[in-house]
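Enquirer: Handing over start.json, JSON, C-alpha atoms.
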```json
[["chain", "number", "residue", "atom", "x", "y", "z"],
["A", 200, "ASP", "CA", 82.31, 118.43, 186.29],
["A", 201, "VAL", "CA", 80.60, 116.54, 189.12],
["A", 202, "GLN", "CA", 81.25, 112.82, 188.94],
["A", 203, "LEU", "CA", 79.85, 110.15, 191.21],
["A", 204, "GLN", "CA", 80.66, 106.46, 191.12],
["A", 205, "ALA", "CA", 78.61, 104.04, 193.18],
["A", 206, "SER", "CA", 79.81, 100.54, 194.01],
["A", 207, "GLY", "CA", 79.25, 97.74, 196.48],
["A", 208, "GLY", "CA", 75.87, 96.37, 195.49],
["A", 209, "GLY", "CA", 75.17, 92.67, 195.24],
["A", 210, "LEU", "CA", 73.03, 89.75, 196.28],
["A", 211, "VAL", "CA", 72.63, 89.03, 199.98],
["A", 212, "GLN", "CA", 70.28, 86.99, 202.13],
["A", 213, "ALA", "CA", 67.80, 88.66, 204.45],
["A", 214, "GLY", "CA", 69.52, 89.70, 207.65],
["A", 215, "GLY", "CA", 72.84, 90.19, 205.90],
["A", 216, "SER", "CA", 74.91, 93.31, 205.32],
["A", 217, "LEU", "CA", 76.36, 95.30, 202.45],
["A", 218, "ARG", "CA", 78.42, 98.47, 202.27],
["A", 219, "LEU", "CA", 77.91, 100.85, 199.38],
["A", 220, "SER", "CA", 80.56, 103.37, 198.38],
["A", 221, "CYS", "CA", 80.15, 106.60, 196.46],
["A", 222, "ALA", "CA", 83.40, 108.03, 195.13],
["A", 223, "SER", "CA", 83.10, 111.66, 194.11],
["A", 224, "SER", "CA", 85.19, 114.15, 192.17],
["A", 225, "GLY", "CA", 84.94, 117.46, 190.38],
["A", 226, "PHE", "CA", 83.60, 119.60, 193.22],
["A", 227, "THR", "CA", 84.44, 120.88, 196.67],
["A", 228, "PHE", "CA", 83.30, 118.03, 198.90],
["A", 229, "ASP", "CA", 82.40, 120.18, 201.91],
["A", 230, "ASP", "CA", 80.13, 122.44, 199.84],
["A", 231, "TYR", "CA", 77.89, 119.57, 198.84],
["A", 232, "ALA", "CA", 75.57, 117.04, 200.37],
["A", 233, "ILE", "CA", 75.76, 113.49, 199.11],
["A", 234, "GLY", "CA", 72.91, 111.10, 199.36],
["A", 235, "TRP", "CA", 71.79, 107.59, 198.61],
["A", 236, "PHE", "CA", 68.51, 107.10, 196.80],
["A", 237, "ARG", "CA", 66.85, 103.91, 195.65],
["A", 238, "GLN", "CA", 64.30, 102.95, 193.07],
["A", 239, "VAL", "CA", 62.30, 99.88, 192.21],
["A", 240, "PRO", "CA", 60.43, 99.48, 188.93],
["A", 241, "GLY", "CA", 57.13, 101.31, 188.93],
["A", 242, "LYS", "CA", 57.92, 103.43, 191.97],
["A", 243, "GLU", "CA", 59.39, 106.85, 192.49],
["A", 244, "ARG", "CA", 62.99, 107.24, 193.49],
["A", 245, "GLU", "CA", 63.22, 107.77, 197.25],
["A", 246, "GLY", "CA", 65.87, 109.28, 199.46],
["A", 247, "VAL", "CA", 67.37, 106.65, 201.77],
["A", 248, "SER", "CA", 70.12, 108.53, 203.59],
["A", 249, "CYS", "CA", 72.10, 111.70, 203.05],
["A", 250, "ILE", "CA", 75.02, 113.47, 204.65],
["A", 251, "LYS", "CA", 76.42, 116.96, 204.66],
["A", 252, "SER", "CA", 80.07, 116.58, 205.56],
["A", 253, "SER", "CA", 80.61, 120.25, 206.38],
["A", 254, "ASP", "CA", 78.55, 119.97, 209.57],
["A", 255, "GLY", "CA", 78.03, 116.21, 209.88],
["A", 256, "SER", "CA", 74.27, 116.42, 209.56],
["A", 257, "THR", "CA", 72.56, 113.28, 208.36],
["A", 258, "TYR", "CA", 69.12, 112.11, 207.33],
["A", 259, "TYR", "CA", 67.58, 108.64, 207.21],
["A", 260, "THR", "CA", 64.22, 107.66, 205.87],
["A", 261, "ASP", "CA", 62.13, 105.96, 208.55],
["A", 262, "SER", "CA", 62.31, 102.48, 207.05],
["A", 263, "VAL", "CA", 66.12, 102.28, 207.40],
["A", 264, "LYS", "CA", 66.67, 103.98, 210.73],
["A", 265, "ASP", "CA", 68.63, 101.79, 213.17],
["A", 266, "ARG", "CA", 69.71, 99.53, 210.29],
["A", 267, "PHE", "CA", 71.66, 101.77, 207.89],
["A", 268, "SER", "CA", 74.51, 104.12, 208.70],
["A", 269, "ILE", "CA", 75.97, 106.80, 206.44],
["A", 270, "SER", "CA", 79.48, 108.17, 206.79],
["A", 271, "SER", "CA", 82.00, 110.14, 204.80],
["A", 272, "ASP", "CA", 85.73, 110.19, 204.29],
["A", 273, "ARG", "CA", 86.49, 113.80, 203.45],
["A", 274, "ALA", "CA", 90.09, 113.04, 202.49],
["A", 275, "LYS", "CA", 88.92, 110.53, 199.89],
["A", 276, "GLY", "CA", 85.78, 112.38, 198.86],
["A", 277, "THR", "CA", 83.83, 109.19, 199.44],
["A", 278, "VAL", "CA", 80.53, 108.49, 201.17],
["A", 279, "TYR", "CA", 79.63, 105.07, 202.53],
["A", 280, "LEU", "CA", 76.29, 103.49, 203.32],
["A", 281, "GLN", "CA", 76.55, 100.57, 205.71],
["A", 282, "MET", "CA", 73.41, 98.50, 205.40],
["A", 283, "ASN", "CA", 72.72, 95.94, 208.11],
["A", 284, "SER", "CA", 69.77, 93.66, 208.82],
["A", 285, "LEU", "CA", 68.76, 93.86, 205.19],
["A", 286, "LYS", "CA", 65.21, 92.99, 204.23],
["A", 287, "PRO", "CA", 63.74, 91.88, 200.90],
["A", 288, "GLU", "CA", 61.99, 95.25, 200.68],
["A", 289, "ASP", "CA", 65.40, 96.91, 200.54],
["A", 290, "THR", "CA", 65.87, 95.39, 197.09],
["A", 291, "ALA", "CA", 66.34, 98.22, 194.60],
["A", 292, "VAL", "CA", 68.81, 100.03, 192.41],
["A", 293, "TYR", "CA", 70.74, 102.37, 194.67],
["A", 294, "TYR", "CA", 72.04, 105.66, 193.34],
["A", 295, "CYS", "CA", 74.33, 108.21, 194.88],
["A", 296, "ALA", "CA", 73.65, 111.84, 194.20],
["A", 297, "ALA", "CA", 75.05, 115.24, 195.11],
["A", 298, "GLU", "CA", 73.76, 118.75, 195.53],
["A", 299, "TRP", "CA", 75.30, 122.07, 196.49],
["A", 300, "ALA", "CA", 74.34, 122.31, 200.13],
["A", 301, "LEU", "CA", 75.03, 125.78, 201.45],
["A", 302, "GLY", "CA", 71.96, 127.19, 203.17],
["A", 303, "LYS", "CA", 69.91, 124.02, 202.77],
["A", 304, "THR", "CA", 68.87, 121.44, 205.33],
["A", 305, "ILE", "CA", 69.85, 117.83, 204.85],
["A", 306, "GLU", "CA", 66.21, 116.74, 205.18],
["A", 307, "LEU", "CA", 65.11, 119.07, 202.41],
["A", 308, "MET", "CA", 67.80, 117.79, 200.07],
["A", 309, "CYS", "CA", 67.19, 114.14, 200.87],
["A", 310, "THR", "CA", 63.43, 114.27, 200.42],
["A", 311, "ASN", "CA", 63.76, 115.82, 196.99],
["A", 312, "LEU", "CA", 65.81, 114.73, 193.99],
["A", 313, "MET", "CA", 69.34, 116.09, 193.94],
["A", 314, "ASP", "CA", 71.03, 117.82, 191.01],
["A", 315, "HIS", "CA", 73.83, 115.39, 190.13],
["A", 316, "TRP", "CA", 73.58, 111.62, 189.78],
["A", 317, "GLY", "CA", 75.83, 108.65, 189.35],
["A", 318, "LYS", "CA", 74.96, 105.31, 187.82],
["A", 319, "GLY", "CA", 73.13, 102.94, 190.10],
["A", 320, "THR", "CA", 74.21, 99.75, 191.78],
["A", 321, "GLN", "CA", 71.79, 96.85, 192.24],
["A", 322, "VAL", "CA", 71.06, 95.56, 195.72],
["A", 323, "THR", "CA", 69.07, 92.34, 195.90],
["A", 324, "VAL", "CA", 68.00, 90.84, 199.21],
["A", 325, "SER", "CA", 66.66, 87.31, 199.05],
["A", 326, "SER", "CA", 64.20, 85.93, 201.59]]
```
Show how you would write the structure in this file as structure tokens.

Expert:
Amino acid sequence: DVQLQASGGGLVQAGGSLRLSCASSGFTFDDYAIGWFRQVPGKEREGVSCIKSSDGSTYYTDSVKDRFSISSDRAKGTVYLQMNSLKPEDTAVYYCAAEWALGKTIELMCTNLMDHWGKGTQVTVSS
């Protein structure tokens, strides 16, 4: 049973930083990709950043490149999203998600909704 637990959201001023954590269990970590998605009311959920730990491949949506960094701790089964230089437009509920990754590219998985989802964590960036 795939389980994902996101944490680390909060309120921060523009230009500040937050680190989100996604603790996973119930599956073989290296067989899956884990991603961070975000959603604001009235808009579709979008892929922010994803990682496939088996080969280290990553994906970032254009709006967060050079500001966000995704990493994984395979021993802990945890994926982190370091978010720097935050902007008000980064305000959203952030979700971590997972999908069986064998034979799939990280871009394909991150630009479509994944199969398994955790509860979201709110990130609010004030101007």

Enquirer: Which residues come within 6 Å of stretch 220-230 of chain A, counting all atoms listed in the file, excluding same-chain residues fewer than 3 positions away, as a PyMOL selection string?

Expert: chain A and resi 200-206+252-253+276-279+299-300

Enquirer: Which of these residues is nearest to A:Leu312, using only C-alpha atoms: A:Cys295, A:Leu217, A:Glu288, A:Gln281?

Expert: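 Smallest separation from A:Leu312 among the options: A:Cys295.
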
Enquirer: Kindly indicate which residue among A:Lys318, A:Lys275, A:Arg266, A:Lys303 lies nearest to A:Arg218, using all atoms listed in the file for the distances.

Expert: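 Among the listed residues, the smallest separation from A:Arg218 belongs to A:Arg266.
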
Enquirer: Point out the residue among A:Leu285, A:Ile269, A:Ala274, A:Val263 with the least atom-to-atom distance to A:Val324, counting all atoms listed in the file.

Expert: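 Of all the options, A:Leu285 lies closest to A:Val324.
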
Enquirer: Which residue is closest to A:Asp314? Choose from A:Gly214, A:Gly208, A:Ile250, A:Tyr231 and count only C-alpha atoms.

Expert: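 With only C-alpha atoms as the atom set, the closest residue is A:Tyr231.
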
Enquirer: Please compute the atom CA of A:Arg237-atom CA of A:Leu210 distance, one decimal, in Å.

Expert: 15.5 Å

Enquirer: Choose the residue, out of A:Val247, A:Ile233, A:Val211, A:Leu307, that has the smallest atom-to-atom separation from A:Tyr293; count all atoms listed in the file.

Expert: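 Looking at the shortest contact to A:Tyr293, the residue is A:Val247.
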
Enquirer: Quick one: pull the distance between atom CA of A:Ser256 and atom CA of A:Phe236, Å, one decimal.

Expert: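 Separation of atom CA of A:Ser256 and atom CA of A:Phe236: 16.8 Å.
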
Enquirer: Could you state the separation of atom CA of A:Gly302 and atom CA of A:Lys264 in Å, given to one decimal place?

Expert: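 Answer for the atom CA of A:Gly302 to atom CA of A:Lys264 separation: 25.0 Å.
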
Enquirer: Excluding same-chain residues fewer than 4 positions from A:Met308, what lies within 9 Å of it counting all atoms listed in the file, as a list in words?

Expert: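 Close residues of A:Met308: Ala232, Gly234, Gly246, Cys249, Glu298, Ala300, Lys303, Thr304, Leu312 and Met313 of chain A.
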
Enquirer: For A:Thr310, which residue among A:Ser284, A:Tyr259, A:Gly215, A:Val322 is the nearest when counting only C-alpha atoms?

Expert: A:Tyr259

Enquirer: Would you pick out the contacts of A:Pro240 at 12 Å or less, using only C-alpha atoms, so that residues sharing its chain but fewer than 5 positions from it are not included, and give the list as a PyMOL selection string?

Expert: chain A and resi 290-292

Enquirer: Can you sort out the box for stretch 273-290 of chain A, edges along x, y and z, all listed atoms in, 5 Å on every side, with centre and edge lengths in Å to one decimal, as JSON?

Expert:
```
{"center_x": 76.0, "center_y": 102.8, "center_z": 203.0, "size_x": 38.1, "size_y": 31.9, "size_z": 21.7}
```
